[in-house]
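Below is one structure, written out as structure tokens, with a few remarks after it.
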Amino acid sequence: MVEFVTRFLAEFAYVGLVGILLAAGVGLPIPEDIPLMVGGLLAARGYVNVYVVFALAYTAILIGDFMIFSFGRRVGP
């Protein structure tokens, strides 16, 4: 069971991190800090590459913020 969880985290950590950060950026009521800390923990334990996590997290946060900004700009007050 532990091997399955380890393989699952290693395989889907990047997709999960990006998905959660994008969802938080467009209004899901969770702070963006929690997925960032989980990504850092996975990188510290060696499940994922720290540089890839940094690049994906940075990009996902910018895209999520841009999406909500664009929606607000088009729809207006």
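In the structure tokens, each chain is lettered A, B, ... as it comes, each chain's residues begin at 1, and ligands are numbered from 1 in order of appearance.
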
Contacts of Leu21 in chain A at 7 Å or less, counting only C-alpha atoms, minus same-chain residues fewer than 4 places along, as a count of residues only? 6

List as a PDB file with N, CA and C atoms, in the first residue's frame the protein and nucleic acid residues near range 63-72 of chain A, meaning an atom at most 6 Å away when only C-alpha atoms are counted, but skip any in the same chain fewer than 4 places from it.
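To be explicit, this is the file written out as around29.pdb:
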```
ATOM      1  N   LEU A  22      -4.730  26.476  -9.720  1.00  0.00           N
ATOM      2  CA  LEU A  22      -5.618  27.159 -10.663  1.00  0.00           C
ATOM      3  C   LEU A  22      -7.008  27.335 -10.071  1.00  0.00           C
ATOM      4  N   GLY A  25      -6.949  30.037  -7.590  1.00  0.00           N
ATOM      5  CA  GLY A  25      -6.814  31.335  -8.247  1.00  0.00           C
ATOM      6  C   GLY A  25      -8.118  31.866  -8.804  1.00  0.00           C
ATOM      7  N   VAL A  26      -9.031  30.965  -9.179  1.00  0.00           N
ATOM      8  CA  VAL A  26     -10.295  31.420  -9.756  1.00  0.00           C
ATOM      9  C   VAL A  26     -11.429  31.431  -8.743  1.00  0.00           C
ATOM     10  N   GLY A  76     -17.187  43.191 -15.423  1.00  0.00           N
ATOM     11  CA  GLY A  76     -17.310  44.485 -14.769  1.00  0.00           C
ATOM     12  C   GLY A  76     -17.890  44.358 -13.370  1.00  0.00           C
TER      13      GLY A  76
END
```

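The spacing separating CA of Tyr47 in chain A from CA of Ala10 in chain A amounts to 5.2 Å.
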
Name all residues at most 12 Å from Leu41 in chain A (count only C-alpha atoms; drop same-chain ones fewer than 5 positions away) and give them as a ChimeraX atom specification. /A:9,13,34-36,46-50,53

Those residues you just picked out, can you put them in a file as a PDB file, in the first residue's frame with C-alpha atoms?
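Once written, selection_24.pdb looks like this:
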```
ATOM      1  CA  LEU A   9       2.125  10.982  -5.486  1.00  0.00           C
ATOM      2  CA  ALA A  13       1.797  15.481  -7.901  1.00  0.00           C
ATOM      3  CA  ILE A  34      -1.381  24.859   1.509  1.00  0.00           C
ATOM      4  CA  PRO A  35      -0.696  23.336  -1.948  1.00  0.00           C
ATOM      5  CA  LEU A  36       2.598  25.220  -2.060  1.00  0.00           C
ATOM      6  CA  GLY A  46      12.377  13.422  -3.076  1.00  0.00           C
ATOM      7  CA  TYR A  47       9.070  12.533  -4.755  1.00  0.00           C
ATOM      8  CA  VAL A  48       9.200  15.468  -7.171  1.00  0.00           C
ATOM      9  CA  ASN A  49      11.788  17.834  -8.582  1.00  0.00           C
ATOM     10  CA  VAL A  50      11.927  21.110  -6.663  1.00  0.00           C
ATOM     11  CA  VAL A  53       7.408  22.353  -8.676  1.00  0.00           C
TER      12      VAL A  53
END
```

From chain A, collect each residue whose DSSP state is alpha helix (DSSP H) and return the set as a ChimeraX atom specification. /A:2-25,33-45,50-75

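Candidate residues A:Val38, A:Leu62, A:Arg45, A:Arg74 were compared for distance to Tyr14 in chain A, and the nearest is A:Val38, using only C-alpha atoms.
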
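From CA of Gly27 in chain A back to CA of Phe12 in chain A, the distance works out to 22.5 Å.
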